[in-house]
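*Asks:* I'd like to ask some things about the structure below.
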Amino acid sequence: MERFEKPFTRQEPIPEDAIAAAVAVMRSGALHRYGADPSEVAALEAEFAAATDAAHCVAVASGGYAMGCALRALGVGPGDPVLTNAFTLAPVPGAIAALGARPVLVEVTEGLVLDLDDLAAKADRAKVLLLSHMRGHIADMEALVALCAAKGITLVEDCAHTMGAAWAGRPSGRWGRIGCFSTQTYKHLNSGEGGLIVTDDADLAAKMVLMSGSYMLYARNGTAPPETVFARHKAVTPNVSGRMDELRAAILRPQLARLADQVERWNSRYRALEAGFRDAPGLATIPRPQAEAYVGSSIQLRARDPGRVPGFVAGCADRGVDWKWFGAPQAHGFTSAHRHWGYVDPQALPRTDAVLAGLLDMRVPLTFDLDDCAQIARIVREEAAAHLA
């Protein structure tokens, strides 16, 4: 039997021009964003705001910090309920729980997006929705935004998996009051860790700049609101230091310039895998809506018989193909489910549990080529025939 030999966690090298920019920063010794002039971070903020058509951008230390900062800026505090997806990764409810707030989990559909009927049923429980575009799947954003407006819910988007994606032509992160992005190694821009926050609201932008630790140098933000806006907030906004540093911004700027090309490279691999998996026994692909312009940096399948998944996963692993299973009894690595989050009150989520029971997830690194995708698909079909048929 053939075996796949490439690792699923190996990313592409940092581009040479990004390495050169990083070396220049190191030679300068000015790694703190407010000690550099000109600032790589300020330039990145301006460039990312332009790329997403946002008025303001704040570059921060991580995607998790971005979400916490956004919630703090909206006034979320201890005891406050916050709606969020029942299917997401641990940092999303973690950002809520870290503020002392209470995650209220909303069911997800077989399409892996927020269940708008369940959101409507729970809308009176909270005033903020932290929406996770989990694994790059985007809900019907026009319907979701209309529901939030009707119910008085403020929308914050977690776009860790949708940088470069869009719904109906509008970029992900630009449907709510605030959009939060990650530049962790396995996301669409790679600085190891890092985050970007976008908003059109000048007061929220000013709060988040101050909160991230500007030390009264807030005017050096790449998209700074006017001084009159900062004057409303600078004496009362706590410093919760979480700035992005110059080194990470230098690494990110050349990558941002290539993002559109990278998206197409991911999607060509995604389409090849999707086509190869479509006829696999006992497995179902996840339909992508026509309005969704996705980024295929990972791919998900649903097993029709969850009880047979462990044998399938083990068989694939023996042949070098790495699946993550959201129905596993214990959290494993980056993969966990709501029942594993001890900092979240247990909640009845039967529809989500049914989805997660058979949900399989695979990273699609750009170190794979189309021949690799074809080999992976052959192995998956053979193991599916052996274990899931």
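How things are named: the first chain in the structure tokens is A, the next is B, and so on; residues count from 1 in each chain; ligands count from 1 in the order shown.
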Hey, could you make a per-residue contact list for range 161-233 of chain A against range 131-151 of chain A with 10 Å as the cut-off, showing the nearest pair of atoms and its distance in Å to one decimal, counting only C-alpha atoms, sorted by chain and number, as CSV?

*Replies:*
```
residue,atom,partner,partner_atom,distance
A:His161,CA,A:Gly136,CA,4.8
A:Thr162,CA,A:Gly136,CA,5.1
A:Met163,CA,A:Gly136,CA,8.7
A:Ala165,CA,A:Gly136,CA,8.0
A:Ala166,CA,A:Ile138,CA,8.2
A:Trp167,CA,A:Met141,CA,6.8
A:Ala168,CA,A:Met141,CA,8.4
A:Arg170,CA,A:Met141,CA,9.6
A:Ser172,CA,A:Ile138,CA,8.3
A:Gly173,CA,A:His133,CA,9.5
A:Trp175,CA,A:Val145,CA,7.2
A:Gly176,CA,A:Val145,CA,7.5
A:Gly179,CA,A:Leu131,CA,9.6
A:Cys180,CA,A:Ser132,CA,9.7
```

*Asks:* Quick one: everything within 6 Å of range 80-87 of chain A, counting only C-alpha atoms, minus sequence neighbours fewer than 2 positions away in the same chain. Send it as JSON, numbers by chain.

*Replies:* {"A": [77, 78, 101, 102, 103, 104, 105, 106, 107, 126, 128, 129, 130, 131]}

*Asks:* If we count only C-alpha atoms and set the cut-off at 12 Å, which residues sit around Asp372 in chain A, ignoring sequence neighbours fewer than 5 positions away in its own chain? Please answer as number ranges by chain.

*Replies:* A: 2-8, 269-270, 272-273, 276, 320-321, 364-367, 377-379

*Asks:* Would you work out the distance separating CA of Ala43 in chain A from CA of Arg265 in chain A, expressed in Å to one decimal?

*Replies:*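 If I compute the distance from CA of Ala43 in chain A to CA of Arg265 in chain A, I get 26.0 Å.
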
*Asks:* Please report, as a PyMOL selection string, each residue of range 197-354 of chain A to which DSSP assigns alpha helix (DSSP H) when run on this structure's backbone.

*Replies:* chain A and resi 202-211+227-231+246-257+259-277+309-318+350-354

*Asks:* From the list A:Val380, A:Ser297, A:Asn239, A:Arg248, which residue is nearest Asp318 in chain A when using only C-alpha atoms?

*Replies:*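 Looking only at the distances to Asp318 in chain A, the closest residue turns out to be A:Val380.
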
*Asks:* Which polymer residues have any atom within 12 Å of an atom of Tyr218 in chain A, counting only C-alpha atoms, with same-chain residues fewer than 2 positions away left out, as a ChimeraX atom specification?

*Replies:* /A:33-34,42,58,205-216,220-227,229-231,233-234,239,243

*Asks:* Tell me, in Å to one decimal, how far CA of Gly327 in chain A is from CA of Leu356 in chain A.

*Replies:*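 For CA of Gly327 in chain A relative to CA of Leu356 in chain A, the distance reads 5.1 Å.
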
*Asks:* Quick check, in Å to one decimal: how far apart do CA of Val309 in chain A and CA of Gly333 in chain A lie?

*Replies:*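 Value for the CA of Val309 in chain A-CA of Gly333 in chain A distance: 18.0 Å.
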
*Asks:* Could you give me, as number ranges by chain, the residues within 10 Å of Glu47 in chain A, counting only C-alpha atoms and dropping anything in the same chain fewer than 5 positions from it?

*Replies:* A: 41-42, 52-53, 57, 222-223, 253, 256-257

*Asks:* Please save C-alpha atoms of the selected residues as a PDB file, in the first residue's frame.

*Replies:*
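out_32.pdb, freshly written:
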```
ATOM      1  CA  VAL A  41       3.715  47.943  12.535  1.00  0.00           C
ATOM      2  CA  ALA A  42       2.149  51.268  11.589  1.00  0.00           C
ATOM      3  CA  THR A  52     -10.036  45.022   4.057  1.00  0.00           C
ATOM      4  CA  ASP A  53     -11.537  48.452   3.246  1.00  0.00           C
ATOM      5  CA  CYS A  57      -6.603  48.633  12.110  1.00  0.00           C
ATOM      6  CA  GLY A 222      -1.074  53.461  11.262  1.00  0.00           C
ATOM      7  CA  THR A 223      -4.750  54.412  11.047  1.00  0.00           C
ATOM      8  CA  ARG A 253       3.982  42.920   5.218  1.00  0.00           C
ATOM      9  CA  LEU A 256       0.103  40.414   2.914  1.00  0.00           C
ATOM     10  CA  ALA A 257       1.104  41.698  -0.515  1.00  0.00           C
TER      11      ALA A 257
END
```

*Asks:* Please give the complete set of residues from range 145-210 of chain A that DSSP, run on the backbone, assigns to strand (DSSP E), formatted as a list in words.

*Replies:* Thr154, Leu155, Val156, Glu157, Asp158, Ala166, Trp167, Arg170, Pro171, Ile178, Gly179, Cys180, Phe181, Ser182, Gly195, Leu196, Ile197, Val198 and Thr199 of chain A

*Asks:* Can I get the selected residues back with C-alpha atoms, as a JSON list (two decimals), in the first residue's frame?

*Replies:*
```json
[["chain", "number", "residue", "atom", "x", "y", "z"],
["A", 154, "THR", "CA", -23.42, 43.67, 18.43],
["A", 155, "LEU", "CA", -21.47, 41.43, 16.06],
["A", 156, "VAL", "CA", -17.74, 40.74, 16.44],
["A", 157, "GLU", "CA", -16.17, 38.44, 13.83],
["A", 158, "ASP", "CA", -13.40, 35.96, 14.57],
["A", 166, "ALA", "CA", -15.54, 37.10, 1.56],
["A", 167, "TRP", "CA", -19.32, 36.72, 1.56],
["A", 170, "ARG", "CA", -17.66, 41.85, 1.18],
["A", 171, "PRO", "CA", -14.48, 40.81, 3.00],
["A", 178, "ILE", "CA", -15.18, 44.65, 14.78],
["A", 179, "GLY", "CA", -13.24, 41.98, 12.88],
["A", 180, "CYS", "CA", -10.41, 39.99, 14.53],
["A", 181, "PHE", "CA", -7.69, 38.13, 12.62],
["A", 182, "SER", "CA", -4.81, 35.84, 13.55],
["A", 195, "GLY", "CA", -3.31, 39.48, 15.50],
["A", 196, "LEU", "CA", -5.03, 42.26, 13.57],
["A", 197, "ILE", "CA", -8.25, 44.08, 14.48],
["A", 198, "VAL", "CA", -10.33, 46.15, 12.04],
["A", 199, "THR", "CA", -13.25, 48.51, 12.60]]
```

*Asks:* Just want the 7 Å neighbourhood of Glu246 in chain A, counted on only C-alpha atoms, with same-chain residues fewer than 6 positions away dropped. Output as an NGL selection string.

*Replies:* :A and (25 or 31-33 or 39-41)

*Asks:* Keeping only N, CA and C atoms, write the selected residues as a PDB file, in the first residue's frame.

*Replies:*
```pdb
ATOM      1  N   VAL A  25      15.203  44.951  10.727  1.00  0.00           N
ATOM      2  CA  VAL A  25      14.671  45.337  12.031  1.00  0.00           C
ATOM      3  C   VAL A  25      15.631  44.908  13.137  1.00  0.00           C
ATOM      4  N   LEU A  31      12.894  46.966  18.108  1.00  0.00           N
ATOM      5  CA  LEU A  31      11.834  45.973  17.953  1.00  0.00           C
ATOM      6  C   LEU A  31      10.510  46.426  18.534  1.00  0.00           C
ATOM      7  N   HIS A  32      10.530  47.363  19.464  1.00  0.00           N
ATOM      8  CA  HIS A  32       9.299  47.901  20.046  1.00  0.00           C
ATOM      9  C   HIS A  32       8.664  48.859  19.052  1.00  0.00           C
ATOM     10  N   ARG A  33       7.383  48.693  18.811  1.00  0.00           N
ATOM     11  CA  ARG A  33       6.760  49.459  17.738  1.00  0.00           C
ATOM     12  C   ARG A  33       6.852  50.961  17.950  1.00  0.00           C
ATOM     13  N   SER A  39       7.764  53.001  11.406  1.00  0.00           N
ATOM     14  CA  SER A  39       7.359  51.771  12.071  1.00  0.00           C
ATOM     15  C   SER A  39       6.796  50.770  11.075  1.00  0.00           C
ATOM     16  N   GLU A  40       7.329  49.548  11.119  1.00  0.00           N
ATOM     17  CA  GLU A  40       6.763  48.456  10.315  1.00  0.00           C
ATOM     18  C   GLU A  40       5.327  48.156  10.745  1.00  0.00           C
ATOM     19  N   VAL A  41       5.061  48.251  12.041  1.00  0.00           N
ATOM     20  CA  VAL A  41       3.715  47.943  12.535  1.00  0.00           C
ATOM     21  C   VAL A  41       2.714  48.963  12.009  1.00  0.00           C
TER      22      VAL A  41
END
```

*Asks:* Between A:Ser241, A:Thr88, A:Ser191, A:Thr228, single out the one closest to Cys69 in chain A, counting only C-alpha atoms.

*Replies:*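 Looking only at the distances to Cys69 in chain A, the closest residue turns out to be A:Ser241.
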
*Asks:* Give the answer as one residue: which of A:Leu252, A:Met26, A:Ala51, A:Ala202 has the shortest atom-to-atom distance to Asn190 in chain A, using only C-alpha atoms?

*Replies:*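 Among A:Leu252, A:Met26, A:Ala51, A:Ala202, it is A:Leu252 that comes nearest to Asn190 in chain A.
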
*Asks:* Looking at only C-alpha atoms, which of A:Ala284, A:Val113, A:Met244, A:Leu217 is the one that sits closest to Gly192 in chain A?

*Replies:*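 Ranked by minimum distance to Gly192 in chain A, first place goes to A:Met244.
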
*Asks:* With distances taken over only C-alpha atoms, which residue among A:Pro238, A:Asp345, A:His338, A:Tyr294 lies nearest Ala90 in chain A?

*Replies:*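 Closest to Ala90 in chain A, using only C-alpha atoms: A:His338.
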